[in-house]
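Asks: Below you'll find my_file.pdb; it's PDB, C-alpha atoms.
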ATOM      1  CA  MET A  20     -71.563 -78.198  59.838  1.00  0.00           C
ATOM      2  CA  LEU A  21     -71.679 -74.788  58.203  1.00  0.00           C
ATOM      3  CA  LYS A  22     -68.434 -73.773  59.939  1.00  0.00           C
ATOM      4  CA  LYS A  23     -66.658 -76.851  58.565  1.00  0.00           C
ATOM      5  CA  ILE A  24     -67.788 -76.068  55.033  1.00  0.00           C
ATOM      6  CA  LEU A  25     -66.655 -72.467  55.451  1.00  0.00           C
ATOM      7  CA  PHE A  26     -63.212 -73.534  56.730  1.00  0.00           C
ATOM      8  CA  ILE A  27     -62.781 -76.030  53.899  1.00  0.00           C
ATOM      9  CA  THR A  28     -63.797 -73.396  51.335  1.00  0.00           C
ATOM     10  CA  ILE A  29     -61.359 -70.830  52.742  1.00  0.00           C
ATOM     11  CA  GLY A  30     -58.591 -73.451  52.875  1.00  0.00           C
ATOM     12  CA  CYS A  31     -59.122 -74.564  49.283  1.00  0.00           C
ATOM     13  CA  LEU A  32     -59.234 -70.951  48.114  1.00  0.00           C
ATOM     14  CA  ALA A  33     -55.976 -70.251  49.981  1.00  0.00           C
ATOM     15  CA  ILE A  34     -54.330 -73.278  48.339  1.00  0.00           C
ATOM     16  CA  ALA A  35     -55.498 -72.112  44.910  1.00  0.00           C
ATOM     17  CA  LEU A  36     -54.230 -68.553  45.450  1.00  0.00           C
ATOM     18  CA  GLY A  37     -50.941 -69.832  46.869  1.00  0.00           C
ATOM     19  CA  THR A  38     -50.455 -72.088  43.869  1.00  0.00           C
ATOM     20  CA  LEU A  39     -51.163 -69.161  41.545  1.00  0.00           C
ATOM     21  CA  GLY A  40     -48.550 -67.238  43.502  1.00  0.00           C
ATOM     22  CA  ILE A  41     -45.914 -69.693  42.294  1.00  0.00           C
ATOM     23  CA  VAL A  42     -46.546 -68.604  38.707  1.00  0.00           C
ATOM     24  CA  LEU A  43     -47.595 -64.976  39.213  1.00  0.00           C
ATOM     25  CA  PRO A  44     -44.983 -62.829  40.943  1.00  0.00           C
ATOM     26  CA  LEU A  45     -47.562 -60.434  42.419  1.00  0.00           C
ATOM     27  CA  LEU A  46     -49.212 -63.027  44.658  1.00  0.00           C
ATOM     28  CA  PRO A  47     -47.318 -64.262  47.705  1.00  0.00           C
ATOM     29  CA  THR A  48     -47.215 -68.037  48.114  1.00  0.00           C
ATOM     30  CA  VAL A  49     -46.281 -68.737  51.714  1.00  0.00           C
ATOM     31  CA  PRO A  50     -48.934 -66.585  53.467  1.00  0.00           C
ATOM     32  CA  PHE A  51     -51.707 -68.355  51.588  1.00  0.00           C
ATOM     33  CA  TYR A  52     -50.238 -71.767  52.446  1.00  0.00           C
ATOM     34  CA  VAL A  53     -49.912 -70.781  56.115  1.00  0.00           C
ATOM     35  CA  LEU A  54     -53.554 -69.706  56.057  1.00  0.00           C
ATOM     36  CA  ALA A  55     -54.474 -73.094  54.606  1.00  0.00           C
ATOM     37  CA  LEU A  56     -52.443 -74.830  57.327  1.00  0.00           C
ATOM     38  CA  CYS A  57     -54.362 -72.922  59.985  1.00  0.00           C
ATOM     39  CA  VAL A  58     -57.831 -73.295  58.501  1.00  0.00           C
ATOM     40  CA  LEU A  59     -57.938 -76.802  57.011  1.00  0.00           C
ATOM     41  CA  PRO A  60     -57.596 -78.760  60.279  1.00  0.00           C
ATOM     42  CA  LYS A  61     -60.657 -76.935  61.597  1.00  0.00           C
ATOM     43  CA  GLY A  62     -62.655 -78.028  58.575  1.00  0.00           C
ATOM     44  CA  SER A  63     -61.439 -81.548  57.897  1.00  0.00           C
ATOM     45  CA  GLU A  64     -58.634 -83.772  59.162  1.00  0.00           C
ATOM     46  CA  ARG A  65     -58.540 -85.455  55.748  1.00  0.00           C
ATOM     47  CA  PHE A  66     -57.838 -82.201  53.894  1.00  0.00           C
ATOM     48  CA  ALA A  67     -55.241 -81.218  56.499  1.00  0.00           C
ATOM     49  CA  ARG A  68     -53.370 -84.530  56.106  1.00  0.00           C
ATOM     50  CA  TRP A  69     -53.526 -84.258  52.313  1.00  0.00           C
ATOM     51  CA  PHE A  70     -52.097 -80.737  52.353  1.00  0.00           C
ATOM     52  CA  ASP A  71     -49.377 -81.623  54.884  1.00  0.00           C
ATOM     53  CA  ASN A  72     -48.233 -84.502  52.682  1.00  0.00           C
ATOM     54  CA  SER A  73     -48.406 -82.615  49.370  1.00  0.00           C
ATOM     55  CA  LYS A  74     -45.359 -81.386  47.469  1.00  0.00           C
ATOM     56  CA  LEU A  75     -46.763 -77.853  47.577  1.00  0.00           C
ATOM     57  CA  CYS A  76     -46.625 -77.706  51.344  1.00  0.00           C
ATOM     58  CA  ARG A  77     -43.252 -79.388  51.630  1.00  0.00           C
ATOM     59  CA  GLY A  78     -41.571 -77.084  49.121  1.00  0.00           C
ATOM     60  CA  ALA A  79     -42.937 -73.756  50.251  1.00  0.00           C
ATOM     61  CA  LEU A  80     -43.117 -74.361  53.984  1.00  0.00           C
ATOM     62  CA  ALA A  81     -40.130 -76.633  54.635  1.00  0.00           C
ATOM     63  CA  LYS A  82     -38.266 -74.085  56.770  1.00  0.00           C
ATOM     64  CA  TYR A  83     -41.423 -73.084  58.607  1.00  0.00           C
ATOM     65  CA  THR A  84     -42.247 -76.653  59.630  1.00  0.00           C
ATOM     66  CA  ARG A  85     -38.603 -77.586  60.333  1.00  0.00           C
ATOM     67  CA  ARG A  86     -38.271 -74.852  62.954  1.00  0.00           C
ATOM     68  CA  GLY A  87     -41.163 -76.320  64.909  1.00  0.00           C
ATOM     69  CA  ALA A  88     -43.471 -73.381  64.366  1.00  0.00           C
ATOM     70  CA  LYS A  89     -46.201 -75.710  63.141  1.00  0.00           C
ATOM     71  CA  THR A  90     -47.456 -78.362  65.528  1.00  0.00           C
ATOM     72  CA  THR A  91     -50.112 -81.011  65.224  1.00  0.00           C
ATOM     73  CA  LYS A  92     -52.773 -82.052  67.702  1.00  0.00           C
ATOM     74  CA  ASN A  93     -50.788 -85.001  69.055  1.00  0.00           C
ATOM     75  CA  GLY A  94     -47.595 -82.948  69.475  1.00  0.00           C
ATOM     76  CA  THR A  95     -45.469 -84.627  66.812  1.00  0.00           C
TER      77      THR A  95
END
Kindly present the structure from the file in structure tokens form.
Replies:
Amino acid sequence: MLKKILFITIGCLAIALGTLGIVLPLLPTVPFYVLALCVLPKGSERFARWFDNSKLCRGALAKYTRRGAKTTKNGT
């Protein structure tokens, strides 16, 4: 239970920093979103689905997901 809370916290923090990176040129956006993509499924399937379907993920990571670098549990 504590691990799930930790993963969710890290994922939400990564999303917040990635979103700030859109506005602030010193913060990179994509690495924080990739971190969120890696961490959120370990914490909560609900958060992972929300982030995958959000405009933030689609805009910043479109090329990354199109190339097949990101896979889901069921292989789709």
Asks: By how many Å are CA of Tyr52 (chain A) and CA of Phe66 (chain A) apart?
Replies: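 One can read the CA of Tyr52 (chain A) to CA of Phe66 (chain A) distance as 13.0 Å.
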Asks: Which one is closest to Pro50 (chain A): A:Lys23, A:Gly30, A:Ser63, A:Trp69? Count only C-alpha atoms.
Replies: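 With only C-alpha atoms as the atom set, the closest residue is A:Gly30.
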Asks: Measure the distance from CA of Leu43 (chain A) to CA of Lys61 (chain A) in Å and round it to one decimal.
Replies: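 Straight-line distance from CA of Leu43 (chain A) to CA of Lys61 (chain A) works out to 28.5 Å.
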Asks: Restricting the calculation to only C-alpha atoms, which member of A:Ala67, A:Val58, A:Leu46, A:Ile41 is positioned closest to Ile29 (chain A)?
Replies: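 The answer is A:Val58, which sits nearest to Ile29 (chain A).
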Asks: So how far away is CA of Ile27 (chain A) from CA of Thr48 (chain A), in Å?
Replies: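 These two atoms are separated by 18.4 Å.
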Asks: To verify the selection step, state as a PyMOL selection string which residues the PyMOL selection byres ((chain A and resi 37) around 7) yields on this input.
Replies: chain A and resi 33-36+38-41+47-49+51-52
Asks: Given 4 Å on each side, where is the centre and what are the edge lengths in Å to one decimal of the axis-aligned box enclosing the listed atoms of region 61-74 of chain A, as lines of an AutoDock Vina configuration file?
Replies:
center_x = -54.0
center_y = -81.2
center_z = 54.5
size_x = 25.3
size_y = 16.5
size_z = 22.1
